[in-house]
file input.pdb (PDB, C-alpha atoms)
ATOM      1  CA  MET A 740       0.000   0.000   0.000
ATOM      2  CA  VAL A 741       1.330   3.389  -0.982
ATOM      3  CA  ALA A 742       0.135   6.664   0.524
ATOM      4  CA  VAL A 743       0.002   9.400  -2.108
ATOM      5  CA  SER A 744      -0.312  13.158  -2.040
ATOM      6  CA  SER A 745      -3.461  13.945  -3.983
ATOM      7  CA  GLU A 746      -6.608  16.017  -3.552
ATOM      8  CA  ALA A 747      -8.763  13.004  -4.480
ATOM      9  CA  ILE A 748      -6.760   9.867  -3.663
ATOM     10  CA  ARG A 749      -5.232   8.851  -0.352
ATOM     11  CA  GLU A 750      -3.750   5.364  -0.949
ATOM     12  CA  ILE A 751      -3.037   2.952  -3.801
ATOM     13  CA  ASP A 752      -2.426  -0.781  -3.574
ATOM     14  CA  TYR A 753      -1.817  -3.196  -6.457
ATOM     15  CA  ASP A 754      -1.892  -6.997  -6.487
ATOM     16  CA  ALA A 755       0.134  -7.902  -9.586
ATOM     17  CA  LYS A 756      -0.795 -11.584  -9.428
ATOM     18  CA  ALA A 757      -4.538 -10.822  -9.463
ATOM     19  CA  HIS A 758      -4.239  -7.639 -11.588
ATOM     20  CA  ALA A 759      -6.359  -5.923  -8.923
ATOM     21  CA  LEU A 760      -5.899  -2.263  -8.062
ATOM     22  CA  ARG A 761      -7.255  -0.892  -4.776
ATOM     23  CA  VAL A 762      -7.751   2.839  -4.468
ATOM     24  CA  ARG A 763      -8.691   4.693  -1.287
ATOM     25  CA  PHE A 764     -10.181   8.096  -1.906
ATOM     26  CA  THR A 765      -9.931  11.042   0.461
ATOM     27  CA  ASP A 766     -13.493  10.423   1.673
ATOM     28  CA  GLY A 767     -12.227   7.092   3.048
ATOM     29  CA  ASP A 768     -13.975   4.820   0.526
ATOM     30  CA  TRP A 769     -12.016   1.929  -0.993
ATOM     31  CA  TYR A 770     -12.637   0.717  -4.537
ATOM     32  CA  ARG A 771     -11.143  -2.371  -6.174
ATOM     33  CA  TYR A 772     -10.528  -2.306  -9.935
ATOM     34  CA  PHE A 773     -10.061  -5.593 -11.797
ATOM     35  CA  GLU A 774      -8.049  -6.593 -14.889
ATOM     36  CA  VAL A 775      -5.695  -3.609 -14.498
ATOM     37  CA  PRO A 776      -2.415  -4.335 -16.321
ATOM     38  CA  PRO A 777       0.818  -3.938 -14.337
ATOM     39  CA  ARG A 778       1.981  -1.146 -16.656
ATOM     40  CA  VAL A 779      -1.130   0.930 -15.939
ATOM     41  CA  ALA A 780      -0.766   0.379 -12.195
ATOM     42  CA  GLY A 781       2.913   1.370 -12.326
ATOM     43  CA  ASP A 782       2.172   4.475 -14.350
ATOM     44  CA  PHE A 783      -0.584   5.388 -11.874
ATOM     45  CA  LEU A 784       1.781   5.082  -8.911
ATOM     46  CA  SER A 785       4.399   7.269 -10.581
ATOM     47  CA  ALA A 786       2.028   9.829 -12.122
ATOM     48  CA  PRO A 787       2.652  13.475 -11.226
ATOM     49  CA  SER A 788      -1.126  13.843 -10.670
ATOM     50  CA  HIS A 789      -2.811  10.694  -9.375
ATOM     51  CA  GLY A 790      -6.278  12.203  -9.700
ATOM     52  CA  ARG A 791      -5.795  13.201 -13.329
ATOM     53  CA  PHE A 792      -4.247   9.842 -14.214
ATOM     54  CA  PHE A 793      -7.131   8.025 -12.523
ATOM     55  CA  GLN A 794      -9.719  10.057 -14.453
ATOM     56  CA  ALA A 795      -7.969   9.571 -17.803
ATOM     57  CA  HIS A 796      -6.785   5.948 -17.576
ATOM     58  CA  ILE A 797      -8.692   3.997 -14.920
ATOM     59  CA  ARG A 798     -12.148   5.400 -14.185
ATOM     60  CA  ASP A 799     -14.842   3.822 -16.402
ATOM     61  CA  ARG A 800     -12.231   1.580 -18.086
ATOM     62  CA  TYR A 801     -12.060  -1.374 -15.699
ATOM     63  CA  PRO A 802     -14.674  -3.346 -13.805
ATOM     64  CA  TYR A 803     -14.782  -2.391 -10.144
ATOM     65  CA  TRP A 804     -16.641  -2.716  -6.881
ATOM     66  CA  ARG A 805     -16.779  -0.641  -3.749
ATOM     67  CA  GLU A 806     -15.364  -2.359  -0.679
ATOM     68  CA  ARG A 807     -17.525  -2.282   2.419
TER      69      ARG A 807
END

call {"tool": "encode", "arguments": {"input": "input.pdb", "output": "structure tokens"}}
result
Amino acid sequence: MVAVSSEAIREIDYDAKAHALRVRFTDGDWYRYFEVPPRVAGDFLSAPSHGRFFQAHIRDRYPYWRER
């Protein structure tokens, strides 16, 4: 799990074996995104703006569910 400095995103976690990306938003909600390639996850972690990268490359592109 990696804490990030972002207005929208608080933490990012990636399970390379399962290709599952977990994102914790600043409101505290966790979402799990499936079928995310390792390259996309790596680029997300190293992006200068995590929120912008998420909007452009992850949101509405991968199946997901909200963790409860």

call {"tool": "resolve_selection", "arguments": {"input": "input.pdb", "expression": "the PyMOL selection byres ((chain A and resi 750) around 8)", "output": "ChimeraX atom specification"}}
result
/A:740-743,748-749,751-752,762-764

call {"tool": "write_last_selection", "arguments": {"input": "input.pdb", "atoms": "C-alpha atoms", "output": "compact mmCIF listing (two decimals), in the frame of the given file"}}
result
# COMPACT_ATOMS: atom_id res chain seq x y z
CA MET A 740 0.00 0.00 0.00
CA VAL A 741 1.33 3.39 -0.98
CA ALA A 742 0.14 6.66 0.52
CA VAL A 743 0.00 9.40 -2.11
CA ILE A 748 -6.76 9.87 -3.66
CA ARG A 749 -5.23 8.85 -0.35
CA ILE A 751 -3.04 2.95 -3.80
CA ASP A 752 -2.43 -0.78 -3.57
CA VAL A 762 -7.75 2.84 -4.47
CA ARG A 763 -8.69 4.69 -1.29
CA PHE A 764 -10.18 8.10 -1.91

call {"tool": "resolve_selection", "arguments": {"input": "input.pdb", "expression": "the PyMOL selection byres ((chain A and resi 770-779) around 7)", "output": "mmCIF file with C-alpha atoms, in the coordinates of the input"}}
result
data_model
loop_
_atom_site.group_PDB
_atom_site.id
_atom_site.type_symbol
_atom_site.label_atom_id
_atom_site.label_comp_id
_atom_site.auth_asym_id
_atom_site.auth_seq_id
_atom_site.Cartn_x
_atom_site.Cartn_y
_atom_site.Cartn_z
ATOM 1 C CA ALA A 755 0.134 -7.902 -9.586
ATOM 2 C CA HIS A 758 -4.239 -7.639 -11.588
ATOM 3 C CA ALA A 759 -6.359 -5.923 -8.923
ATOM 4 C CA LEU A 760 -5.899 -2.263 -8.062
ATOM 5 C CA ARG A 761 -7.255 -0.892 -4.776
ATOM 6 C CA VAL A 762 -7.751 2.839 -4.468
ATOM 7 C CA ARG A 763 -8.691 4.693 -1.287
ATOM 8 C CA ASP A 768 -13.975 4.820 0.526
ATOM 9 C CA TRP A 769 -12.016 1.929 -0.993
ATOM 10 C CA ALA A 780 -0.766 0.379 -12.195
ATOM 11 C CA GLY A 781 2.913 1.370 -12.326
ATOM 12 C CA ASP A 782 2.172 4.475 -14.350
ATOM 13 C CA PHE A 783 -0.584 5.388 -11.874
ATOM 14 C CA TYR A 801 -12.060 -1.374 -15.699
ATOM 15 C CA PRO A 802 -14.674 -3.346 -13.805
ATOM 16 C CA TYR A 803 -14.782 -2.391 -10.144
ATOM 17 C CA TRP A 804 -16.641 -2.716 -6.881
ATOM 18 C CA ARG A 805 -16.779 -0.641 -3.749
ATOM 19 C CA GLU A 806 -15.364 -2.359 -0.679
#

call {"tool": "atom_distance", "arguments": {"input": "input.pdb", "atom1": "atom CA of Ser745 of chain A", "atom2": "atom CA of Gly790 of chain A"}}
result
6.6 Å

call {"tool": "axis_aligned_box", "arguments": {"input": "input.pdb", "around": "segment 787-804 of chain A", "padding_each_side": "6 Å", "output": "AutoDock Vina command-line options"}}
result
--center_x -7.0 --center_y 5.2 --center_z -12.5 --size_x 31.3 --size_y 29.2 --size_z 23.2

call {"tool": "atom_distance", "arguments": {"input": "input.pdb", "atom1": "atom CA of Glu746 of chain A", "atom2": "atom CA of Thr765 of chain A"}}
result
7.2 Å

call {"tool": "atom_distance", "arguments": {"input": "input.pdb", "atom1": "atom CA of Gly767 of chain A", "atom2": "atom CA of Ala747 of chain A"}}
result
10.2 Å

call {"tool": "decode", "arguments": {"input": "input.pdb", "residues": "segment 766-787 of chain A", "atoms": "N, CA, C and O atoms", "output": "tab-separated table (two decimals), in the first residue's frame"}}
result
chain	number	residue	atom	x	y	z
A	766	ASP	N	-12.30	10.55	0.83
A	766	ASP	CA	-13.49	10.42	1.67
A	766	ASP	C	-13.46	9.14	2.49
A	766	ASP	O	-14.36	8.86	3.27
A	767	GLY	N	-12.40	8.32	2.29
A	767	GLY	CA	-12.23	7.09	3.05
A	767	GLY	C	-12.72	5.85	2.34
A	767	GLY	O	-12.44	4.73	2.79
A	768	ASP	N	-13.45	5.98	1.25
A	768	ASP	CA	-13.97	4.82	0.53
A	768	ASP	C	-12.88	4.11	-0.26
A	768	ASP	O	-12.03	4.75	-0.89
A	769	TRP	N	-12.92	2.77	-0.22
A	769	TRP	CA	-12.02	1.93	-0.99
A	769	TRP	C	-12.76	1.37	-2.19
A	769	TRP	O	-13.91	0.91	-2.07
A	770	TYR	N	-12.10	1.36	-3.34
A	770	TYR	CA	-12.64	0.72	-4.54
A	770	TYR	C	-11.57	-0.24	-5.07
A	770	TYR	O	-10.38	0.05	-5.01
A	771	ARG	N	-12.04	-1.38	-5.58
A	771	ARG	CA	-11.14	-2.37	-6.17
A	771	ARG	C	-11.46	-2.44	-7.67
A	771	ARG	O	-12.60	-2.66	-8.06
A	772	TYR	N	-10.42	-2.26	-8.48
A	772	TYR	CA	-10.53	-2.31	-9.94
A	772	TYR	C	-9.85	-3.58	-10.43
A	772	TYR	O	-8.74	-3.89	-10.02
A	773	PHE	N	-10.53	-4.30	-11.32
A	773	PHE	CA	-10.06	-5.59	-11.80
A	773	PHE	C	-9.50	-5.51	-13.22
A	773	PHE	O	-9.85	-4.60	-13.97
A	774	GLU	N	-8.64	-6.47	-13.55
A	774	GLU	CA	-8.05	-6.59	-14.89
A	774	GLU	C	-7.17	-5.39	-15.26
A	774	GLU	O	-7.04	-5.04	-16.43
A	775	VAL	N	-6.57	-4.76	-14.26
A	775	VAL	CA	-5.70	-3.61	-14.50
A	775	VAL	C	-4.29	-4.13	-14.79
A	775	VAL	O	-3.69	-4.79	-13.95
A	776	PRO	N	-3.76	-3.86	-15.98
A	776	PRO	CA	-2.42	-4.33	-16.32
A	776	PRO	C	-1.34	-3.72	-15.42
A	776	PRO	O	-1.48	-2.58	-14.95
A	777	PRO	N	-0.27	-4.46	-15.18
A	777	PRO	CA	0.82	-3.94	-14.34
A	777	PRO	C	1.37	-2.60	-14.82
A	777	PRO	O	1.71	-1.74	-14.01
A	778	ARG	N	1.45	-2.41	-16.12
A	778	ARG	CA	1.98	-1.15	-16.66
A	778	ARG	C	1.11	0.04	-16.25
A	778	ARG	O	1.61	1.11	-15.86
A	779	VAL	N	-0.21	-0.15	-16.31
A	779	VAL	CA	-1.13	0.93	-15.94
A	779	VAL	C	-1.00	1.23	-14.45
A	779	VAL	O	-0.94	2.40	-14.04
A	780	ALA	N	-0.92	0.18	-13.64
A	780	ALA	CA	-0.77	0.38	-12.20
A	780	ALA	C	0.54	1.10	-11.88
A	780	ALA	O	0.57	2.02	-11.05
A	781	GLY	N	1.62	0.71	-12.54
A	781	GLY	CA	2.91	1.37	-12.33
A	781	GLY	C	2.89	2.83	-12.74
A	781	GLY	O	3.42	3.69	-12.04
A	782	ASP	N	2.28	3.09	-13.89
A	782	ASP	CA	2.17	4.48	-14.35
A	782	ASP	C	1.32	5.30	-13.39
A	782	ASP	O	1.61	6.48	-13.16
A	783	PHE	N	0.28	4.70	-12.84
A	783	PHE	CA	-0.58	5.39	-11.87
A	783	PHE	C	0.21	5.76	-10.63
A	783	PHE	O	0.15	6.90	-10.15
A	784	LEU	N	0.98	4.83	-10.11
A	784	LEU	CA	1.78	5.08	-8.91
A	784	LEU	C	2.81	6.18	-9.12
A	784	LEU	O	3.11	6.94	-8.20
A	785	SER	N	3.35	6.28	-10.33
A	785	SER	CA	4.40	7.27	-10.58
A	785	SER	C	3.89	8.55	-11.25
A	785	SER	O	4.68	9.44	-11.56
A	786	ALA	N	2.59	8.65	-11.44
A	786	ALA	CA	2.03	9.83	-12.12
A	786	ALA	C	2.23	11.10	-11.29
A	786	ALA	O	2.12	11.07	-10.07
A	787	PRO	N	2.51	12.22	-11.95
A	787	PRO	CA	2.65	13.47	-11.23
A	787	PRO	C	1.33	13.94	-10.61
A	787	PRO	O	1.32	14.60	-9.59
